[in-house]
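Peer 1: File follows, data_33.txt with compact mmCIF, N, CA and C atoms:
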# COMPACT_ATOMS: atom_id res chain seq x y z
N MET A 1 -3.12 -73.91 -12.63
CA MET A 1 -3.08 -72.50 -12.98
C MET A 1 -3.01 -71.67 -11.69
N ALA A 2 -2.04 -70.80 -11.59
CA ALA A 2 -1.86 -70.00 -10.39
C ALA A 2 -2.92 -68.90 -10.31
N ARG A 3 -3.35 -68.63 -9.10
CA ARG A 3 -4.33 -67.57 -8.88
C ARG A 3 -3.67 -66.21 -9.07
N GLN A 4 -4.37 -65.33 -9.78
CA GLN A 4 -3.84 -63.99 -9.97
C GLN A 4 -3.83 -63.25 -8.64
N LYS A 5 -2.91 -62.35 -8.47
CA LYS A 5 -2.70 -61.67 -7.20
C LYS A 5 -3.33 -60.29 -7.15
N TYR A 6 -4.44 -60.09 -7.85
CA TYR A 6 -5.09 -58.78 -7.83
C TYR A 6 -6.60 -58.96 -7.80
N ASP A 7 -7.28 -57.93 -7.26
CA ASP A 7 -8.74 -57.98 -7.09
C ASP A 7 -9.48 -57.21 -8.18
N GLY A 8 -8.75 -56.42 -8.96
CA GLY A 8 -9.40 -55.65 -10.01
C GLY A 8 -8.39 -55.13 -11.01
N VAL A 9 -8.88 -54.87 -12.22
CA VAL A 9 -8.04 -54.34 -13.29
C VAL A 9 -8.68 -53.05 -13.80
N VAL A 10 -7.94 -51.95 -13.71
CA VAL A 10 -8.42 -50.65 -14.18
C VAL A 10 -8.05 -50.51 -15.65
N GLU A 11 -9.07 -50.27 -16.47
CA GLU A 11 -8.89 -50.22 -17.91
C GLU A 11 -8.88 -48.79 -18.47
N ALA A 12 -9.60 -47.87 -17.81
CA ALA A 12 -9.67 -46.49 -18.29
C ALA A 12 -9.99 -45.57 -17.11
N VAL A 13 -9.70 -44.29 -17.27
CA VAL A 13 -9.90 -43.33 -16.18
C VAL A 13 -10.54 -42.06 -16.73
N ARG A 14 -11.31 -41.40 -15.88
CA ARG A 14 -11.89 -40.08 -16.20
C ARG A 14 -11.43 -39.14 -15.10
N TYR A 15 -10.82 -38.02 -15.49
CA TYR A 15 -10.33 -37.02 -14.54
C TYR A 15 -11.31 -35.86 -14.44
N LYS A 16 -11.38 -35.26 -13.26
CA LYS A 16 -12.12 -34.01 -13.05
C LYS A 16 -11.26 -32.86 -13.58
N PRO A 17 -11.84 -31.68 -13.78
CA PRO A 17 -11.04 -30.53 -14.24
C PRO A 17 -9.89 -30.17 -13.30
N ASN A 18 -10.01 -30.48 -12.00
CA ASN A 18 -8.94 -30.16 -11.05
C ASN A 18 -7.83 -31.21 -11.02
N GLY A 19 -7.92 -32.24 -11.85
CA GLY A 19 -6.86 -33.24 -11.94
C GLY A 19 -7.10 -34.49 -11.12
N GLU A 20 -8.15 -34.52 -10.29
CA GLU A 20 -8.46 -35.71 -9.51
C GLU A 20 -9.18 -36.72 -10.38
N VAL A 21 -9.06 -37.99 -10.00
CA VAL A 21 -9.81 -39.04 -10.69
C VAL A 21 -11.28 -38.87 -10.36
N ALA A 22 -12.14 -38.86 -11.36
CA ALA A 22 -13.59 -38.81 -11.14
C ALA A 22 -14.09 -40.24 -10.96
N TRP A 23 -13.73 -41.12 -11.88
CA TRP A 23 -14.08 -42.54 -11.81
C TRP A 23 -13.15 -43.33 -12.71
N VAL A 24 -13.13 -44.65 -12.49
CA VAL A 24 -12.36 -45.54 -13.34
C VAL A 24 -13.29 -46.61 -13.89
N ARG A 25 -12.96 -47.10 -15.05
CA ARG A 25 -13.66 -48.25 -15.64
C ARG A 25 -12.79 -49.46 -15.35
N ALA A 26 -13.36 -50.46 -14.69
CA ALA A 26 -12.56 -51.59 -14.21
C ALA A 26 -13.32 -52.90 -14.32
N TYR A 27 -12.58 -53.97 -14.11
CA TYR A 27 -13.13 -55.32 -13.98
C TYR A 27 -12.82 -55.77 -12.56
N GLU A 28 -13.80 -56.33 -11.86
CA GLU A 28 -13.61 -56.79 -10.48
C GLU A 28 -13.56 -58.31 -10.44
N ARG A 29 -12.71 -58.83 -9.54
CA ARG A 29 -12.65 -60.27 -9.35
C ARG A 29 -13.94 -60.74 -8.70
N ARG A 30 -14.52 -61.78 -9.25
CA ARG A 30 -15.71 -62.43 -8.70
C ARG A 30 -15.41 -63.92 -8.61
N GLY A 31 -14.76 -64.32 -7.53
CA GLY A 31 -14.35 -65.71 -7.40
C GLY A 31 -13.24 -66.03 -8.39
N PRO A 32 -13.41 -67.09 -9.18
CA PRO A 32 -12.35 -67.46 -10.12
C PRO A 32 -12.36 -66.67 -11.42
N THR A 33 -13.34 -65.80 -11.60
CA THR A 33 -13.47 -65.04 -12.84
C THR A 33 -13.61 -63.55 -12.56
N PHE A 34 -13.83 -62.76 -13.59
CA PHE A 34 -13.97 -61.31 -13.43
C PHE A 34 -15.33 -60.86 -13.92
N SER A 35 -15.77 -59.72 -13.40
CA SER A 35 -17.06 -59.13 -13.77
C SER A 35 -16.99 -58.50 -15.15
N ASP A 36 -18.15 -58.05 -15.61
CA ASP A 36 -18.17 -57.17 -16.77
C ASP A 36 -17.63 -55.82 -16.30
N VAL A 37 -17.57 -54.87 -17.19
CA VAL A 37 -17.05 -53.54 -16.84
C VAL A 37 -17.92 -52.89 -15.76
N VAL A 38 -17.26 -52.32 -14.75
CA VAL A 38 -17.95 -51.56 -13.71
C VAL A 38 -17.28 -50.19 -13.59
N LEU A 39 -18.04 -49.19 -13.16
CA LEU A 39 -17.49 -47.86 -12.90
C LEU A 39 -17.33 -47.71 -11.40
N ILE A 40 -16.14 -47.30 -10.98
CA ILE A 40 -15.84 -47.12 -9.56
C ILE A 40 -15.40 -45.69 -9.36
N ASP A 41 -16.07 -44.96 -8.45
CA ASP A 41 -15.66 -43.57 -8.22
C ASP A 41 -14.41 -43.52 -7.36
N ARG A 42 -13.81 -42.36 -7.30
CA ARG A 42 -12.52 -42.17 -6.63
C ARG A 42 -12.56 -42.59 -5.17
N GLU A 43 -13.59 -42.16 -4.44
CA GLU A 43 -13.67 -42.46 -3.01
C GLU A 43 -13.79 -43.96 -2.77
N ALA A 44 -14.60 -44.65 -3.56
CA ALA A 44 -14.76 -46.09 -3.41
C ALA A 44 -13.46 -46.83 -3.74
N LEU A 45 -12.75 -46.37 -4.75
CA LEU A 45 -11.48 -46.99 -5.12
C LEU A 45 -10.45 -46.81 -4.02
N ILE A 46 -10.36 -45.61 -3.45
CA ILE A 46 -9.42 -45.37 -2.36
C ILE A 46 -9.75 -46.25 -1.16
N GLU A 47 -11.04 -46.36 -0.81
CA GLU A 47 -11.44 -47.21 0.32
C GLU A 47 -11.05 -48.66 0.08
N ARG A 48 -11.27 -49.15 -1.12
CA ARG A 48 -10.92 -50.54 -1.44
C ARG A 48 -9.40 -50.76 -1.32
N LEU A 49 -8.62 -49.81 -1.81
CA LEU A 49 -7.17 -49.93 -1.70
C LEU A 49 -6.72 -49.89 -0.24
N LYS A 50 -7.35 -49.07 0.57
CA LYS A 50 -7.01 -48.99 2.00
C LYS A 50 -7.37 -50.27 2.73
N ARG A 51 -8.44 -50.95 2.29
CA ARG A 51 -8.85 -52.21 2.92
C ARG A 51 -7.96 -53.37 2.52
N GLY A 52 -7.03 -53.12 1.61
CA GLY A 52 -6.09 -54.16 1.23
C GLY A 52 -6.37 -54.82 -0.10
N GLN A 53 -7.40 -54.38 -0.80
CA GLN A 53 -7.62 -54.93 -2.13
C GLN A 53 -6.54 -54.42 -3.07
N ARG A 54 -6.17 -55.24 -4.03
CA ARG A 54 -5.12 -54.87 -4.97
C ARG A 54 -5.72 -54.64 -6.35
N PHE A 55 -5.51 -53.45 -6.90
CA PHE A 55 -5.95 -53.11 -8.24
C PHE A 55 -4.71 -52.84 -9.08
N VAL A 56 -4.76 -53.23 -10.33
CA VAL A 56 -3.66 -53.00 -11.27
C VAL A 56 -4.22 -52.34 -12.52
N THR A 57 -3.35 -51.73 -13.30
CA THR A 57 -3.76 -51.21 -14.59
C THR A 57 -3.56 -52.32 -15.61
N GLY A 58 -4.37 -52.28 -16.66
CA GLY A 58 -4.22 -53.32 -17.68
C GLY A 58 -5.34 -53.25 -18.69
N ARG A 59 -5.41 -54.30 -19.51
CA ARG A 59 -6.48 -54.39 -20.49
C ARG A 59 -6.85 -55.85 -20.68
N ARG A 60 -8.12 -56.07 -20.99
CA ARG A 60 -8.62 -57.42 -21.22
C ARG A 60 -8.20 -57.87 -22.60
N LEU A 61 -7.74 -59.12 -22.70
CA LEU A 61 -7.34 -59.67 -23.99
C LEU A 61 -8.56 -60.21 -24.72
N SER A 62 -8.72 -59.85 -25.96
CA SER A 62 -9.88 -60.26 -26.76
C SER A 62 -9.96 -61.78 -26.88
N TYR A 63 -11.18 -62.28 -26.74
CA TYR A 63 -11.50 -63.70 -26.91
C TYR A 63 -10.84 -64.61 -25.87
N LEU A 64 -10.35 -64.06 -24.77
CA LEU A 64 -9.71 -64.89 -23.75
C LEU A 64 -10.36 -64.73 -22.37
N ALA A 65 -11.63 -64.41 -22.33
CA ALA A 65 -12.43 -64.34 -21.10
C ALA A 65 -11.77 -63.50 -20.03
N SER A 66 -11.38 -64.09 -18.92
CA SER A 66 -10.83 -63.35 -17.78
C SER A 66 -9.31 -63.29 -17.82
N THR A 67 -8.74 -63.08 -18.99
CA THR A 67 -7.30 -62.97 -19.15
C THR A 67 -6.95 -61.52 -19.46
N PHE A 68 -5.98 -60.99 -18.73
CA PHE A 68 -5.61 -59.58 -18.86
C PHE A 68 -4.13 -59.43 -19.12
N GLU A 69 -3.79 -58.35 -19.82
CA GLU A 69 -2.41 -57.90 -19.89
C GLU A 69 -2.28 -56.87 -18.78
N VAL A 70 -1.46 -57.16 -17.79
CA VAL A 70 -1.36 -56.35 -16.58
C VAL A 70 -0.10 -55.49 -16.64
N PHE A 71 -0.23 -54.22 -16.19
CA PHE A 71 0.89 -53.29 -16.25
C PHE A 71 1.41 -52.91 -14.86
N LYS A 72 0.78 -51.95 -14.19
CA LYS A 72 1.30 -51.44 -12.91
C LYS A 72 0.23 -51.50 -11.82
N PRO A 73 0.66 -51.67 -10.56
CA PRO A 73 -0.31 -51.64 -9.45
C PRO A 73 -0.72 -50.21 -9.10
N LEU A 74 -1.93 -50.06 -8.58
CA LEU A 74 -2.41 -48.76 -8.09
C LEU A 74 -2.06 -48.65 -6.61
N ARG A 75 -1.74 -47.43 -6.19
CA ARG A 75 -1.44 -47.17 -4.77
C ARG A 75 -2.07 -45.85 -4.35
N VAL A 76 -2.31 -45.74 -3.05
CA VAL A 76 -2.75 -44.48 -2.46
C VAL A 76 -1.56 -43.97 -1.65
N VAL A 77 -1.11 -42.75 -1.97
CA VAL A 77 -0.02 -42.14 -1.21
C VAL A 77 -0.55 -40.89 -0.52
N ASN A 78 0.04 -40.59 0.62
CA ASN A 78 -0.35 -39.42 1.39
C ASN A 78 0.62 -38.29 1.05
N ASN A 79 0.09 -37.21 0.51
CA ASN A 79 0.93 -36.09 0.11
C ASN A 79 0.43 -34.84 0.82
N GLY A 80 1.06 -34.50 1.91
CA GLY A 80 0.69 -33.30 2.65
C GLY A 80 -0.72 -33.36 3.21
N GLY A 81 -1.13 -34.53 3.69
CA GLY A 81 -2.46 -34.68 4.26
C GLY A 81 -3.53 -34.98 3.24
N ARG A 82 -3.16 -35.07 1.98
CA ARG A 82 -4.09 -35.38 0.89
C ARG A 82 -3.78 -36.77 0.35
N GLU A 83 -4.84 -37.51 0.02
CA GLU A 83 -4.64 -38.83 -0.57
C GLU A 83 -4.58 -38.68 -2.09
N VAL A 84 -3.57 -39.32 -2.68
CA VAL A 84 -3.33 -39.21 -4.12
C VAL A 84 -3.25 -40.62 -4.69
N LEU A 85 -3.93 -40.86 -5.82
CA LEU A 85 -3.87 -42.15 -6.52
C LEU A 85 -2.75 -42.11 -7.54
N VAL A 86 -1.84 -43.09 -7.48
CA VAL A 86 -0.74 -43.17 -8.43
C VAL A 86 -0.56 -44.62 -8.86
N THR A 87 0.19 -44.82 -9.95
CA THR A 87 0.51 -46.16 -10.40
C THR A 87 1.98 -46.45 -10.15
N GLY A 88 2.28 -47.71 -9.92
CA GLY A 88 3.66 -48.14 -9.73
C GLY A 88 4.33 -47.46 -8.56
N ASP A 89 5.56 -47.01 -8.77
CA ASP A 89 6.33 -46.36 -7.72
C ASP A 89 6.19 -44.85 -7.78
N GLY A 90 5.26 -44.36 -8.58
CA GLY A 90 5.09 -42.92 -8.76
C GLY A 90 4.69 -42.21 -7.48
N VAL A 91 5.14 -40.98 -7.37
CA VAL A 91 4.77 -40.09 -6.27
C VAL A 91 4.46 -38.75 -6.92
N GLY A 92 3.36 -38.15 -6.52
CA GLY A 92 3.02 -36.89 -7.14
C GLY A 92 2.15 -36.03 -6.26
N GLU A 93 1.87 -34.85 -6.75
CA GLU A 93 1.03 -33.92 -6.01
C GLU A 93 -0.43 -34.08 -6.39
N ARG A 94 -0.69 -34.80 -7.49
CA ARG A 94 -2.07 -35.01 -7.92
C ARG A 94 -2.21 -36.43 -8.46
N ASP A 95 -3.45 -36.86 -8.64
CA ASP A 95 -3.70 -38.21 -9.15
C ASP A 95 -3.02 -38.37 -10.51
N ASN A 96 -2.36 -39.53 -10.69
CA ASN A 96 -1.69 -39.80 -11.94
C ASN A 96 -1.69 -41.30 -12.19
N LEU A 97 -2.60 -41.76 -13.04
CA LEU A 97 -2.64 -43.16 -13.42
C LEU A 97 -1.93 -43.27 -14.77
N ASP A 98 -0.62 -43.34 -14.69
CA ASP A 98 0.25 -43.33 -15.87
C ASP A 98 -0.04 -44.53 -16.76
N GLY A 99 -0.23 -44.28 -18.05
CA GLY A 99 -0.44 -45.35 -19.00
C GLY A 99 -1.87 -45.82 -19.15
N VAL A 100 -2.80 -45.27 -18.34
CA VAL A 100 -4.20 -45.67 -18.42
C VAL A 100 -4.91 -44.70 -19.38
N PRO A 101 -5.61 -45.26 -20.38
CA PRO A 101 -6.31 -44.37 -21.32
C PRO A 101 -7.36 -43.50 -20.63
N VAL A 102 -7.48 -42.26 -21.09
CA VAL A 102 -8.44 -41.32 -20.53
C VAL A 102 -9.72 -41.41 -21.35
N VAL A 103 -10.85 -41.47 -20.65
CA VAL A 103 -12.15 -41.53 -21.31
C VAL A 103 -12.76 -40.15 -21.28
Any chance you could put this one into structure tokens?

Peer 2:
Amino acid sequence: MARQKYDGVVEAVRYKPNGEVAWVRAYERRGPTFSDVVLIDREALIERLKRGQRFVTGRRLSYLASTFEVFKPLRVVNNGGREVLVTGDGVGERDNLDGVPVV
């Protein structure tokens, strides 16, 4: 079985009134398996992405333990001196995790 190429899976997002990500609900890789749901705030998520960790959007498949349906990778882009969280090849003026359910 091939090792998955990501360190975390973002399942849901909460936005602040100004459009920035407040926190995400995610699963983190813990060796060969994944953690239970954890909440990661925006600053911690950006730091992890800058350190080279790879997070993707997706959802956990029922009754299949650490198996996920994976959609798009998360990226940090620099937009006019501001860091913006986006999915896939998206570029924007504000955080946009396209396709991730809002909590």

Peer 1: Per residue of region 68-94 of chain A within 10 Å of region 19-37 of chain A, what are the shortest atom pair and its distance in Å to one decimal, counting only C-alpha atoms, with rows by chain and residue number, as JSON lines?

Peer 2:
{"residue": "A:Phe68", "atom": "CA", "partner": "A:Tyr27", "partner_atom": "CA", "distance": 9.9}
{"residue": "A:Val84", "atom": "CA", "partner": "A:Glu20", "partner_atom": "CA", "distance": 8.2}
{"residue": "A:Leu85", "atom": "CA", "partner": "A:Val21", "partner_atom": "CA", "distance": 7.9}
{"residue": "A:Glu93", "atom": "CA", "partner": "A:Gly19", "partner_atom": "CA", "distance": 9.9}
{"residue": "A:Arg94", "atom": "CA", "partner": "A:Gly19", "partner_atom": "CA", "distance": 6.5}

Peer 1: DSSP on the backbone: what in chain A comes out strand (DSSP E), as number ranges by chain?

Peer 2: A: 8-15, 21-30, 33-34, 38-41, 55-60, 68-79, 82-87

Peer 1: Closest to Thr87 (chain A) among A:Val56, A:Leu74, A:Val10, A:Ala65, using all atoms listed in the file?

Peer 2: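 Using all atoms listed in the file, the shortest distance to Thr87 (chain A) belongs to A:Leu74.
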
Peer 1: Among chain A, which residues does DSSP mark as helix (DSSP H, G or I) when it is run on the backbone? Keep the chain and numbering as in the structure and answer as a list in words.

Peer 2: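 Put together, the selection reads Arg42, Glu43, Ala44, Leu45, Ile46, Glu47, Arg48, Leu49 and Lys50 of chain A.
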
Peer 1: Using N, CA and C atoms, can you write the selected residues to a file as a short mmCIF file (atom, residue, chain, number, x, y, z; two decimals), keeping the file's coordinate frame?

Peer 2:
data_model
loop_
_atom_site.label_atom_id
_atom_site.label_comp_id
_atom_site.auth_asym_id
_atom_site.auth_seq_id
_atom_site.Cartn_x
_atom_site.Cartn_y
_atom_site.Cartn_z
N ARG A 42 -13.81 -42.36 -7.30
CA ARG A 42 -12.52 -42.17 -6.63
C ARG A 42 -12.56 -42.59 -5.17
N GLU A 43 -13.59 -42.16 -4.44
CA GLU A 43 -13.67 -42.46 -3.01
C GLU A 43 -13.79 -43.96 -2.77
N ALA A 44 -14.60 -44.65 -3.56
CA ALA A 44 -14.76 -46.09 -3.41
C ALA A 44 -13.46 -46.83 -3.74
N LEU A 45 -12.75 -46.37 -4.75
CA LEU A 45 -11.48 -46.99 -5.12
C LEU A 45 -10.45 -46.81 -4.02
N ILE A 46 -10.36 -45.61 -3.45
CA ILE A 46 -9.42 -45.37 -2.36
C ILE A 46 -9.75 -46.25 -1.16
N GLU A 47 -11.04 -46.36 -0.81
CA GLU A 47 -11.44 -47.21 0.32
C GLU A 47 -11.05 -48.66 0.08
N ARG A 48 -11.27 -49.15 -1.12
CA ARG A 48 -10.92 -50.54 -1.44
C ARG A 48 -9.40 -50.76 -1.32
N LEU A 49 -8.62 -49.81 -1.81
CA LEU A 49 -7.17 -49.93 -1.70
C LEU A 49 -6.72 -49.89 -0.24
N LYS A 50 -7.35 -49.07 0.57
CA LYS A 50 -7.01 -48.99 2.00
C LYS A 50 -7.37 -50.27 2.73
#

Peer 1: Restricting the calculation to only N, CA and C atoms: of A:Gly80, A:Pro17, A:Thr67, A:Pro73, which residue gets closest to Arg54 (chain A)?

Peer 2: A:Pro73

Peer 1: Got a sec: who's within 12 Å of Glu69 (chain A), counting only C-alpha atoms, leaving out chain neighbours fewer than 6 positions off, as a PDB file with N, CA and C atoms, in the frame of the given file?

Peer 2:
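Result saved to around.pdb:
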ATOM      1  N   GLN A   4      -4.370 -65.330  -9.780  1.00  0.00           N
ATOM      2  CA  GLN A   4      -3.840 -63.990  -9.970  1.00  0.00           C
ATOM      3  C   GLN A   4      -3.830 -63.250  -8.640  1.00  0.00           C
ATOM      4  N   VAL A   9      -8.880 -54.870 -12.220  1.00  0.00           N
ATOM      5  CA  VAL A   9      -8.040 -54.340 -13.290  1.00  0.00           C
ATOM      6  C   VAL A   9      -8.680 -53.050 -13.800  1.00  0.00           C
ATOM      7  N   VAL A  10      -7.940 -51.950 -13.710  1.00  0.00           N
ATOM      8  CA  VAL A  10      -8.420 -50.650 -14.180  1.00  0.00           C
ATOM      9  C   VAL A  10      -8.050 -50.510 -15.650  1.00  0.00           C
ATOM     10  N   GLU A  11      -9.070 -50.270 -16.470  1.00  0.00           N
ATOM     11  CA  GLU A  11      -8.890 -50.220 -17.910  1.00  0.00           C
ATOM     12  C   GLU A  11      -8.880 -48.790 -18.470  1.00  0.00           C
ATOM     13  N   VAL A  56      -4.760 -53.230 -10.330  1.00  0.00           N
ATOM     14  CA  VAL A  56      -3.660 -53.000 -11.270  1.00  0.00           C
ATOM     15  C   VAL A  56      -4.220 -52.340 -12.520  1.00  0.00           C
ATOM     16  N   THR A  57      -3.350 -51.730 -13.300  1.00  0.00           N
ATOM     17  CA  THR A  57      -3.760 -51.210 -14.590  1.00  0.00           C
ATOM     18  C   THR A  57      -3.560 -52.320 -15.610  1.00  0.00           C
ATOM     19  N   GLY A  58      -4.370 -52.280 -16.660  1.00  0.00           N
ATOM     20  CA  GLY A  58      -4.220 -53.320 -17.680  1.00  0.00           C
ATOM     21  C   GLY A  58      -5.340 -53.250 -18.690  1.00  0.00           C
ATOM     22  N   ARG A  59      -5.410 -54.300 -19.510  1.00  0.00           N
ATOM     23  CA  ARG A  59      -6.480 -54.390 -20.490  1.00  0.00           C
ATOM     24  C   ARG A  59      -6.850 -55.850 -20.680  1.00  0.00           C
ATOM     25  N   ARG A  60      -8.120 -56.070 -20.990  1.00  0.00           N
ATOM     26  CA  ARG A  60      -8.620 -57.420 -21.220  1.00  0.00           C
ATOM     27  C   ARG A  60      -8.200 -57.870 -22.600  1.00  0.00           C
ATOM     28  N   LEU A  61      -7.740 -59.120 -22.700  1.00  0.00           N
ATOM     29  CA  LEU A  61      -7.340 -59.670 -23.990  1.00  0.00           C
ATOM     30  C   LEU A  61      -8.560 -60.210 -24.720  1.00  0.00           C
ATOM     31  N   SER A  62      -8.720 -59.850 -25.960  1.00  0.00           N
ATOM     32  CA  SER A  62      -9.880 -60.260 -26.760  1.00  0.00           C
ATOM     33  C   SER A  62      -9.960 -61.780 -26.880  1.00  0.00           C
TER      34      SER A  62
END

Peer 1: Which residue gives the smallest distance to Val91 (chain A) among A:Val103, A:Leu45, A:Leu64, A:Val77, with only N, CA and C atoms counted?

Peer 2: A:Val77

Peer 1: Separation of CA of Asp89 (chain A) and CA of Val38 (chain A), in Å?

Peer 2: 25.5 Å

Peer 1: Mind giving me the straight-line distance from CA of Lys16 (chain A) to atom N of Asp95 (chain A) in Å, one decimal?

Peer 2: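 Going from CA of Lys16 (chain A) over to atom N of Asp95 (chain A) covers 10.1 Å.
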
Peer 1: Using the partial input, fill out region 35-46 of chain A with N, CA, C and O atoms; write the result as a PDB file, in the frame of the given file.

Peer 2:
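Final output, saved to part-v7.pdb:
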ATOM      1  N   SER A  35     -15.770 -59.720 -13.400  1.00  0.00           N
ATOM      2  CA  SER A  35     -17.060 -59.130 -13.770  1.00  0.00           C
ATOM      3  C   SER A  35     -16.990 -58.500 -15.150  1.00  0.00           C
ATOM      4  O   SER A  35     -15.923 -58.406 -15.759  1.00  0.00           O
ATOM      5  N   ASP A  36     -18.150 -58.050 -15.610  1.00  0.00           N
ATOM      6  CA  ASP A  36     -18.170 -57.170 -16.770  1.00  0.00           C
ATOM      7  C   ASP A  36     -17.630 -55.820 -16.300  1.00  0.00           C
ATOM      8  O   ASP A  36     -17.316 -55.634 -15.129  1.00  0.00           O
ATOM      9  N   VAL A  37     -17.570 -54.870 -17.190  1.00  0.00           N
ATOM     10  CA  VAL A  37     -17.050 -53.540 -16.840  1.00  0.00           C
ATOM     11  C   VAL A  37     -17.920 -52.890 -15.760  1.00  0.00           C
ATOM     12  O   VAL A  37     -19.143 -52.931 -15.835  1.00  0.00           O
ATOM     13  N   VAL A  38     -17.260 -52.320 -14.750  1.00  0.00           N
ATOM     14  CA  VAL A  38     -17.950 -51.560 -13.710  1.00  0.00           C
ATOM     15  C   VAL A  38     -17.280 -50.190 -13.590  1.00  0.00           C
ATOM     16  O   VAL A  38     -16.095 -50.054 -13.889  1.00  0.00           O
ATOM     17  N   LEU A  39     -18.040 -49.190 -13.160  1.00  0.00           N
ATOM     18  CA  LEU A  39     -17.490 -47.860 -12.900  1.00  0.00           C
ATOM     19  C   LEU A  39     -17.330 -47.710 -11.400  1.00  0.00           C
ATOM     20  O   LEU A  39     -18.260 -47.947 -10.640  1.00  0.00           O
ATOM     21  N   ILE A  40     -16.140 -47.300 -10.980  1.00  0.00           N
ATOM     22  CA  ILE A  40     -15.840 -47.120  -9.560  1.00  0.00           C
ATOM     23  C   ILE A  40     -15.400 -45.690  -9.360  1.00  0.00           C
ATOM     24  O   ILE A  40     -14.441 -45.233  -9.999  1.00  0.00           O
ATOM     25  N   ASP A  41     -16.070 -44.960  -8.450  1.00  0.00           N
ATOM     26  CA  ASP A  41     -15.660 -43.570  -8.220  1.00  0.00           C
ATOM     27  C   ASP A  41     -14.410 -43.520  -7.360  1.00  0.00           C
ATOM     28  O   ASP A  41     -13.971 -44.514  -6.785  1.00  0.00           O
ATOM     29  N   ARG A  42     -13.810 -42.360  -7.300  1.00  0.00           N
ATOM     30  CA  ARG A  42     -12.520 -42.170  -6.630  1.00  0.00           C
ATOM     31  C   ARG A  42     -12.560 -42.590  -5.170  1.00  0.00           C
ATOM     32  O   ARG A  42     -11.670 -43.297  -4.694  1.00  0.00           O
ATOM     33  N   GLU A  43     -13.590 -42.160  -4.440  1.00  0.00           N
ATOM     34  CA  GLU A  43     -13.670 -42.460  -3.010  1.00  0.00           C
ATOM     35  C   GLU A  43     -13.790 -43.960  -2.770  1.00  0.00           C
ATOM     36  O   GLU A  43     -13.134 -44.504  -1.870  1.00  0.00           O
ATOM     37  N   ALA A  44     -14.600 -44.650  -3.560  1.00  0.00           N
ATOM     38  CA  ALA A  44     -14.760 -46.090  -3.410  1.00  0.00           C
ATOM     39  C   ALA A  44     -13.460 -46.830  -3.740  1.00  0.00           C
ATOM     40  O   ALA A  44     -13.088 -47.788  -3.051  1.00  0.00           O
ATOM     41  N   LEU A  45     -12.750 -46.370  -4.750  1.00  0.00           N
ATOM     42  CA  LEU A  45     -11.480 -46.990  -5.120  1.00  0.00           C
ATOM     43  C   LEU A  45     -10.450 -46.810  -4.020  1.00  0.00           C
ATOM     44  O   LEU A  45      -9.748 -47.759  -3.646  1.00  0.00           O
ATOM     45  N   ILE A  46     -10.360 -45.610  -3.450  1.00  0.00           N
ATOM     46  CA  ILE A  46      -9.420 -45.370  -2.360  1.00  0.00           C
ATOM     47  C   ILE A  46      -9.750 -46.250  -1.160  1.00  0.00           C
ATOM     48  O   ILE A  46      -8.867 -46.840  -0.544  1.00  0.00           O
TER      49      ILE A  46
END
